[in-house]
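Asks: What follows is start_29.cif, made up of mmCIF, C-alpha atoms:
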data_my_file
loop_
_atom_site.label_atom_id
_atom_site.label_comp_id
_atom_site.auth_asym_id
_atom_site.auth_seq_id
_atom_site.Cartn_x
_atom_site.Cartn_y
_atom_site.Cartn_z
CA MET A 1 -6.73 -12.12 -9.24
CA SER A 2 -8.20 -9.81 -6.62
CA GLU A 3 -10.94 -10.91 -4.23
CA GLU A 4 -13.36 -8.71 -2.28
CA LEU A 5 -13.48 -9.20 1.47
CA GLY A 6 -16.86 -10.53 2.56
CA LYS A 7 -17.57 -12.37 -0.70
CA ILE A 8 -15.49 -15.47 0.02
CA GLU A 9 -17.77 -18.52 0.17
CA LYS A 10 -16.98 -21.40 2.54
CA PRO A 11 -15.96 -24.01 -0.10
CA GLU A 12 -13.43 -21.52 -1.50
CA VAL A 13 -11.83 -20.85 1.89
CA TYR A 14 -10.13 -24.25 2.03
CA ALA A 15 -8.75 -23.82 -1.48
CA PHE A 16 -7.37 -20.36 -0.68
CA LYS A 17 -5.64 -21.54 2.49
CA ALA A 18 -3.30 -23.77 0.49
CA LYS A 19 -2.34 -20.94 -1.89
CA ARG A 20 0.01 -18.00 -1.58
CA LYS A 21 -1.98 -14.92 -0.58
CA ILE A 22 -1.50 -11.18 -0.29
CA TYR A 23 -3.66 -9.09 2.03
CA LEU A 24 -3.31 -5.68 0.39
CA VAL A 25 -3.85 -2.55 2.48
CA PRO A 26 -4.04 0.77 0.59
CA LEU A 27 -1.72 3.24 2.28
CA VAL A 28 -3.46 6.27 3.75
CA ASN A 29 -0.77 8.51 5.18
CA PRO A 30 -0.88 10.88 8.16
CA TRP A 31 -1.27 14.61 7.57
CA GLU A 32 0.60 16.49 10.26
CA ASP A 33 -1.39 19.55 11.38
CA GLY A 34 -4.11 18.60 8.88
CA PRO A 35 -7.79 19.49 9.37
CA GLU A 36 -9.61 17.74 12.20
CA GLU A 37 -12.08 16.23 9.73
CA TYR A 38 -9.24 14.44 7.98
CA GLN A 39 -7.67 13.30 11.24
CA GLU A 40 -10.96 11.69 12.30
CA LYS A 41 -11.33 9.87 8.96
CA PHE A 42 -7.67 8.81 9.04
CA GLN A 43 -8.05 7.21 12.48
CA ARG A 44 -11.37 5.57 11.53
CA TYR A 45 -9.82 4.14 8.35
CA TRP A 46 -6.97 2.41 10.16
CA GLY A 47 -9.30 1.09 12.84
CA GLN A 48 -11.48 -0.47 10.14
CA VAL A 49 -8.40 -1.87 8.36
CA ASN A 50 -7.36 -3.67 11.53
CA GLU A 51 -10.87 -5.08 12.02
CA GLN A 52 -11.12 -6.37 8.44
CA LEU A 53 -7.62 -7.79 8.58
CA ASP A 54 -8.48 -9.71 11.76
CA LYS A 55 -11.50 -11.25 10.00
CA LEU A 56 -9.49 -12.12 6.92
CA GLU A 57 -6.83 -13.85 9.02
CA LEU A 58 -9.50 -15.93 10.77
CA LYS A 59 -10.85 -17.10 7.42
CA LEU A 60 -7.69 -17.59 5.39
CA GLY A 61 -4.77 -17.74 7.78
CA LYS A 62 -2.44 -15.57 9.84
CA VAL A 63 -0.01 -13.14 8.23
CA ASN A 64 3.40 -14.78 7.74
CA ARG A 65 5.28 -11.96 6.00
CA ILE A 66 4.93 -8.18 5.96
CA TYR A 67 5.86 -5.85 3.10
CA HIS A 68 5.68 -2.05 3.22
CA GLU A 69 6.20 0.48 0.44
CA GLY A 70 8.97 2.96 1.18
CA ILE A 71 10.84 0.78 3.71
CA PHE A 72 14.38 -0.43 2.95
CA THR A 73 15.28 -2.47 6.03
CA GLN A 74 13.99 -5.78 7.36
CA GLY A 75 13.20 -7.22 10.77
CA GLU A 76 13.16 -4.96 13.81
CA GLU A 77 14.70 -2.05 11.92
CA GLY A 78 12.00 -2.30 9.27
CA ILE A 79 9.26 -2.14 11.91
CA LYS A 80 10.85 0.96 13.46
CA ALA A 81 11.11 2.63 10.06
CA THR A 82 7.46 1.84 9.34
CA ASP A 83 6.41 3.33 12.66
CA THR A 84 8.22 6.55 11.73
CA LEU A 85 6.68 6.69 8.25
CA ASN A 86 3.11 5.87 9.28
CA LYS A 87 2.39 5.11 12.92
CA ARG A 88 -0.89 3.30 12.21
CA SER A 89 0.50 0.88 9.63
CA GLY A 90 3.50 0.49 11.94
CA GLU A 91 1.24 -0.59 14.80
CA ILE A 92 -0.44 -3.23 12.63
CA ALA A 93 2.93 -4.51 11.37
CA LYS A 94 4.42 -4.65 14.87
CA LEU A 95 1.44 -6.61 16.24
CA ARG A 96 1.75 -9.23 13.48
CA CYS A 97 5.51 -9.50 13.97
CA GLU A 98 4.89 -10.17 17.67
CA GLN A 99 2.73 -13.06 16.42
CA GLU A 100 5.76 -14.46 14.51
CA ALA A 101 5.29 -12.73 11.13
CA VAL A 102 8.54 -11.74 9.37
CA PHE A 103 9.12 -8.17 8.15
CA GLU A 104 10.64 -8.38 4.66
CA VAL A 105 12.35 -5.77 2.45
CA VAL A 106 10.24 -5.18 -0.64
CA GLU A 107 11.80 -1.98 -2.02
CA ASP A 108 15.08 -1.19 -3.77
CA MET A 109 16.50 2.13 -2.52
CA ALA A 110 18.12 3.09 -5.84
CA LEU A 111 14.97 2.45 -7.90
CA THR A 112 12.74 4.23 -5.39
CA GLY A 113 15.12 7.20 -5.25
CA GLU A 114 15.27 7.43 -9.04
CA SER A 115 11.49 7.43 -9.43
CA MET A 116 11.17 10.10 -6.74
CA ASP A 117 13.82 12.26 -8.43
CA TRP A 118 12.01 12.14 -11.77
CA GLU A 119 8.73 12.87 -10.00
CA ARG A 120 10.26 16.04 -8.52
CA CYS A 121 11.45 17.05 -11.98
CA LEU A 122 7.88 16.78 -13.27
CA ALA A 123 6.81 19.40 -10.71
CA VAL A 124 8.78 22.17 -12.48
CA ASP A 125 7.50 24.27 -15.38
CA PHE A 126 8.96 23.19 -18.73
CA TYR A 127 9.58 25.52 -21.67
CA THR A 128 8.97 22.75 -24.20
CA GLU A 129 6.57 19.82 -24.40
CA LYS A 130 9.38 17.63 -25.74
CA ALA A 131 11.46 18.03 -22.59
CA ALA A 132 8.40 17.41 -20.42
CA MET A 133 7.59 14.19 -22.29
CA GLN A 134 11.16 12.92 -22.02
CA VAL A 135 11.18 13.44 -18.27
CA TYR A 136 7.76 11.80 -17.98
CA GLU A 137 8.95 8.75 -19.93
CA LEU A 138 12.02 8.43 -17.70
CA TYR A 139 9.79 8.68 -14.64
CA MET A 140 7.42 6.00 -15.91
CA GLU A 141 10.33 3.68 -16.77
CA ALA A 142 11.84 4.07 -13.28
CA LEU A 143 8.41 3.45 -11.75
CA ARG A 144 7.89 0.33 -13.88
CA LYS A 145 11.21 -1.10 -12.67
CA ARG A 146 10.29 -0.27 -9.10
CA TRP A 147 6.97 -2.14 -9.32
CA GLU A 148 8.71 -5.10 -10.97
CA LYS A 149 11.23 -5.23 -8.13
CA ILE A 150 8.44 -5.28 -5.54
CA ALA A 151 6.68 -8.13 -7.37
CA HIS A 152 9.97 -10.06 -7.56
CA GLN A 153 10.69 -9.60 -3.84
CA ILE A 154 7.24 -10.89 -2.92
CA ASP A 155 7.53 -13.81 -5.33
CA THR A 156 10.90 -14.93 -3.94
CA THR A 157 10.03 -14.61 -0.23
CA LEU A 158 6.37 -15.65 0.03
CA GLN A 159 6.24 -19.42 0.40
CA GLU A 160 3.52 -21.88 -0.58
CA GLY A 161 0.43 -21.56 1.63
CA GLU A 162 1.70 -18.35 3.28
CA ALA A 163 -0.10 -15.03 3.61
CA GLY A 164 1.71 -11.75 3.08
CA LEU A 165 0.52 -8.34 4.27
CA LEU A 166 1.36 -5.54 1.82
CA PHE A 167 0.99 -1.83 2.58
CA ILE A 168 1.12 0.10 -0.70
CA ARG A 169 -0.41 3.14 -2.39
CA GLU A 170 -3.74 2.68 -4.14
CA ARG A 171 -2.54 3.46 -7.66
CA HIS A 172 0.42 1.13 -7.69
CA GLY A 173 1.54 -0.80 -10.75
CA VAL A 174 2.62 -4.09 -9.17
CA GLN A 175 1.73 -7.13 -11.28
CA PHE A 176 1.53 -10.06 -8.88
CA PRO A 177 2.48 -13.61 -9.95
CA GLN A 178 -0.55 -15.53 -11.22
CA ASP A 179 -0.45 -18.08 -8.41
CA ILE A 180 -0.83 -15.41 -5.72
CA GLU A 181 -4.38 -14.54 -4.65
CA VAL A 182 -4.77 -10.86 -3.76
CA PHE A 183 -7.35 -9.73 -1.20
CA THR A 184 -7.73 -5.95 -1.07
CA ILE A 185 -8.87 -4.47 2.22
CA SER A 186 -11.10 -1.50 1.42
CA PRO A 187 -13.07 -0.22 4.43
CA PRO A 188 -15.96 2.30 4.17
CA ALA A 189 -13.74 5.06 5.58
CA LEU A 190 -11.58 4.90 2.43
CA ASP A 191 -14.51 6.14 0.32
CA GLU A 192 -15.16 8.84 2.92
CA ILE A 193 -11.58 10.07 2.57
CA HIS A 194 -11.85 10.11 -1.23
CA ARG A 195 -15.08 12.12 -1.08
CA TRP A 196 -13.60 14.52 1.47
CA PHE A 197 -10.63 15.29 -0.81
CA ARG A 198 -12.91 15.73 -3.85
CA ASP A 199 -15.20 18.11 -1.95
CA ARG A 200 -12.19 20.04 -0.61
CA ALA A 201 -10.75 20.42 -4.13
CA GLN A 202 -14.08 21.65 -5.49
CA GLN A 203 -14.40 24.20 -2.67
CA GLN A 204 -10.89 25.48 -3.34
CA GLN A 205 -11.64 25.81 -7.06
CA SER A 206 -14.83 27.73 -6.31
CA SER A 207 -12.98 30.06 -3.95
CA SER A 208 -10.26 30.69 -6.56
CA ALA A 209 -12.87 31.46 -9.24
CA GLU A 210 -14.56 33.98 -6.99
#
Can you turn what I pasted into structure tokens?
Replies:
Amino acid sequence: MSEELGKIEKPEVYAFKAKRKIYLVPLVNPWEDGPEEYQEKFQRYWGQVNEQLDKLELKLGKVNRIYHEGIFTQGEEGIKATDTLNKRSGEIAKLRCEQEAVFEVVEDMALTGESMDWERCLAVDFYTEKAAMQVYELYMEALRKRWEKIAHQIDTTLQEGEAGLLFIRERHGVQFPQDIEVFTISPPALDEIHRWFRDRAQQQQSSSAE
């Protein structure tokens, strides 16, 4: 079950506090040397994420555990790796760990590597549709196992009444256990970034057609 931030009524707050919770933050990644317009939206997005997360913690409880897509180490090493991958999510993770949250490993390196390898294969031009479909099926199977592993890691580490903070791509396939309430943080700047990419794609298509 996924809840929208801002629509949690007071009677429900007390019930949620006793449950396992995930505060889900869609990963928006940095674009080195990207356009200034994107850089502004990127910074605004992460600022809004931090504000909404602060409010959510006040209502439902502090973050106890942190999970981050693409990170394969825990504790201090995990925080350092996160900071290298995405400085803004790394800053948020580090702040919560300073407040006694625990950085957990949520990924399996072999499964992640396999899904990435098949994804690279899909980028090539195939001579036959059959070969393309076989590679796609292998990619989807590796991805399914990856999402299952993430769900399992969260289920086995997140304790009763705790809140976990998960940084993960928007179009993930993680199926959370039924007893975990999921609160997705979705600031206004996320829609701005989506629109910006759509407009940019349309402009590029128009330029190509001309």
Asks: What residues come out when you apply the PyMOL selection byres ((chain A and resi 146) around 10) to this file, written as a list in words?
Replies: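 Checked against the file, the PyMOL selection byres ((chain A and resi 146) around 10) matches Val106, Glu107, Asp108, Met109, Ala110, Leu111, Thr112, Gly113, Glu114, Ser115, Met140, Glu141, Ala142, Leu143, Arg144, Lys145, Trp147, Glu148, Lys149, Ile150, Ala151, His152, Gly173 and Val174 of chain A.
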Asks: Applied to the shown file, which residues does the PyMOL selection byres ((chain A and resi 121) around 12) return, written as a list in words?
Replies: Glu114, Ser115, Met116, Asp117, Trp118, Glu119, Arg120, Leu122, Ala123, Val124, Asp125, Phe126, Ala131, Ala132, Met133, Gln134, Val135, Tyr136, Glu137, Leu138 and Tyr139 of chain A
Asks: From the list A:Asn29, A:Glu104, A:Gln52, A:Gln43, which residue is nearest Arg65 of chain A when using all atoms listed in the file?
Replies: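 Closest to Arg65 of chain A of all the choices is A:Glu104.
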Asks: Separation of atom CA of Ile79 of chain A and atom CA of Pro188 of chain A, in Å?
Replies: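 Result for atom CA of Ile79 of chain A versus atom CA of Pro188 of chain A: 26.8 Å, one decimal.
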Asks: Starting from 3 Å padding per side, set up an axis-aligned box that covers all listed atoms of segment 155-165 of chain A and hand over centre and edge lengths in Å, one decimal, as lines of an AutoDock Vina configuration file.
Replies:
center_x = 5.4
center_y = -15.1
center_z = -0.5
size_x = 17.0
size_y = 19.5
size_z = 15.6
Asks: Render segment 17-102 of chain A from the structure in the preceding block as a file of C-alpha atoms, as a PDB file, in the first residue's frame.
Replies:
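And here is the file that came out, result.pdb:
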ATOM      1  CA  LYS A  17       3.781   4.598  13.866  1.00  0.00           C
ATOM      2  CA  ALA A  18       3.449   1.039  15.137  1.00  0.00           C
ATOM      3  CA  LYS A  19       3.893  -0.453  11.654  1.00  0.00           C
ATOM      4  CA  ARG A  20       6.921  -1.044   9.468  1.00  0.00           C
ATOM      5  CA  LYS A  21       7.268   1.836   7.018  1.00  0.00           C
ATOM      6  CA  ILE A  22       9.251   2.726   3.918  1.00  0.00           C
ATOM      7  CA  TYR A  23       9.835   6.344   2.929  1.00  0.00           C
ATOM      8  CA  LEU A  24      10.494   5.932  -0.787  1.00  0.00           C
ATOM      9  CA  VAL A  25      12.525   8.576  -2.619  1.00  0.00           C
ATOM     10  CA  PRO A  26      12.610   8.332  -6.437  1.00  0.00           C
ATOM     11  CA  LEU A  27      16.225   8.567  -7.562  1.00  0.00           C
ATOM     12  CA  VAL A  28      16.996  11.584  -9.728  1.00  0.00           C
ATOM     13  CA  ASN A  29      20.636  11.324 -10.735  1.00  0.00           C
ATOM     14  CA  PRO A  30      23.183  14.065 -11.439  1.00  0.00           C
ATOM     15  CA  TRP A  31      24.031  14.950 -15.025  1.00  0.00           C
ATOM     16  CA  GLU A  32      27.655  16.001 -15.213  1.00  0.00           C
ATOM     17  CA  ASP A  33      28.061  18.960 -17.601  1.00  0.00           C
ATOM     18  CA  GLY A  34      24.304  18.873 -18.227  1.00  0.00           C
ATOM     19  CA  PRO A  35      22.271  21.971 -19.175  1.00  0.00           C
ATOM     20  CA  GLU A  36      21.895  24.641 -16.523  1.00  0.00           C
ATOM     21  CA  GLU A  37      18.106  24.257 -16.615  1.00  0.00           C
ATOM     22  CA  TYR A  38      18.454  20.631 -15.550  1.00  0.00           C
ATOM     23  CA  GLN A  39      20.998  21.450 -12.858  1.00  0.00           C
ATOM     24  CA  GLU A  40      18.592  23.976 -11.308  1.00  0.00           C
ATOM     25  CA  LYS A  41      15.709  21.476 -11.314  1.00  0.00           C
ATOM     26  CA  PHE A  42      17.975  18.733  -9.945  1.00  0.00           C
ATOM     27  CA  GLN A  43      19.037  20.880  -6.977  1.00  0.00           C
ATOM     28  CA  ARG A  44      15.464  22.061  -6.345  1.00  0.00           C
ATOM     29  CA  TYR A  45      14.202  18.460  -6.403  1.00  0.00           C
ATOM     30  CA  TRP A  46      16.607  17.258  -3.729  1.00  0.00           C
ATOM     31  CA  GLY A  47      15.940  20.300  -1.577  1.00  0.00           C
ATOM     32  CA  GLN A  48      12.215  19.536  -1.698  1.00  0.00           C
ATOM     33  CA  VAL A  49      12.865  15.850  -0.962  1.00  0.00           C
ATOM     34  CA  ASN A  50      14.718  16.784   2.204  1.00  0.00           C
ATOM     35  CA  GLU A  51      11.915  19.132   3.295  1.00  0.00           C
ATOM     36  CA  GLN A  52       9.189  16.530   2.723  1.00  0.00           C
ATOM     37  CA  LEU A  53      11.228  13.836   4.421  1.00  0.00           C
ATOM     38  CA  ASP A  54      11.669  16.045   7.492  1.00  0.00           C
ATOM     39  CA  LYS A  55       7.887  16.506   7.691  1.00  0.00           C
ATOM     40  CA  LEU A  56       7.234  12.805   7.243  1.00  0.00           C
ATOM     41  CA  GLU A  57       9.671  11.927  10.026  1.00  0.00           C
ATOM     42  CA  LEU A  58       7.934  14.372  12.376  1.00  0.00           C
ATOM     43  CA  LYS A  59       4.584  12.710  11.691  1.00  0.00           C
ATOM     44  CA  LEU A  60       5.510   9.036  11.523  1.00  0.00           C
ATOM     45  CA  GLY A  61       8.924   8.618  13.088  1.00  0.00           C
ATOM     46  CA  LYS A  62      12.628   9.006  12.394  1.00  0.00           C
ATOM     47  CA  VAL A  63      14.418   6.921   9.782  1.00  0.00           C
ATOM     48  CA  ASN A  64      15.950   3.808  11.364  1.00  0.00           C
ATOM     49  CA  ARG A  65      17.420   2.120   8.280  1.00  0.00           C
ATOM     50  CA  ILE A  66      18.631   3.373   4.905  1.00  0.00           C
ATOM     51  CA  TYR A  67      18.584   1.443   1.629  1.00  0.00           C
ATOM     52  CA  HIS A  68      20.013   2.681  -1.672  1.00  0.00           C
ATOM     53  CA  GLU A  69      19.792   1.150  -5.132  1.00  0.00           C
ATOM     54  CA  GLY A  70      23.190   0.429  -6.665  1.00  0.00           C
ATOM     55  CA  ILE A  71      25.131   0.264  -3.370  1.00  0.00           C
ATOM     56  CA  PHE A  72      26.764  -3.006  -2.278  1.00  0.00           C
ATOM     57  CA  THR A  73      28.374  -2.100   1.051  1.00  0.00           C
ATOM     58  CA  GLN A  74      26.907  -1.228   4.437  1.00  0.00           C
ATOM     59  CA  GLY A  75      27.709   1.223   7.204  1.00  0.00           C
ATOM     60  CA  GLU A  76      30.309   3.925   6.630  1.00  0.00           C
ATOM     61  CA  GLU A  77      31.484   2.384   3.365  1.00  0.00           C
ATOM     62  CA  GLY A  78      27.922   2.377   2.056  1.00  0.00           C
ATOM     63  CA  ILE A  79      27.522   6.083   2.844  1.00  0.00           C
ATOM     64  CA  LYS A  80      30.775   6.893   1.025  1.00  0.00           C
ATOM     65  CA  ALA A  81      29.674   4.877  -2.005  1.00  0.00           C
ATOM     66  CA  THR A  82      26.321   6.666  -2.043  1.00  0.00           C
ATOM     67  CA  ASP A  83      28.044  10.044  -1.914  1.00  0.00           C
ATOM     68  CA  THR A  84      30.086   9.054  -4.977  1.00  0.00           C
ATOM     69  CA  LEU A  85      27.041   7.799  -6.887  1.00  0.00           C
ATOM     70  CA  ASN A  86      24.730  10.713  -6.079  1.00  0.00           C
ATOM     71  CA  LYS A  87      25.994  13.455  -3.787  1.00  0.00           C
ATOM     72  CA  ARG A  88      22.515  14.725  -2.886  1.00  0.00           C
ATOM     73  CA  SER A  89      21.091  11.363  -1.819  1.00  0.00           C
ATOM     74  CA  GLY A  90      24.417  10.766  -0.073  1.00  0.00           C
ATOM     75  CA  GLU A  91      23.994  13.952   1.967  1.00  0.00           C
ATOM     76  CA  ILE A  92      20.511  12.906   3.081  1.00  0.00           C
ATOM     77  CA  ALA A  93      21.721   9.403   3.986  1.00  0.00           C
ATOM     78  CA  LYS A  94      24.734  10.711   5.902  1.00  0.00           C
ATOM     79  CA  LEU A  95      22.602  13.132   7.941  1.00  0.00           C
ATOM     80  CA  ARG A  96      20.214  10.342   8.988  1.00  0.00           C
ATOM     81  CA  CYS A  97      23.102   8.017   9.861  1.00  0.00           C
ATOM     82  CA  GLU A  98      24.498  10.763  12.108  1.00  0.00           C
ATOM     83  CA  GLN A  99      21.100  10.599  13.823  1.00  0.00           C
ATOM     84  CA  GLU A 100      21.640   6.859  14.495  1.00  0.00           C
ATOM     85  CA  ALA A 101      20.054   5.369  11.349  1.00  0.00           C
ATOM     86  CA  VAL A 102      21.781   2.227  10.010  1.00  0.00           C
TER      87      VAL A 102
END
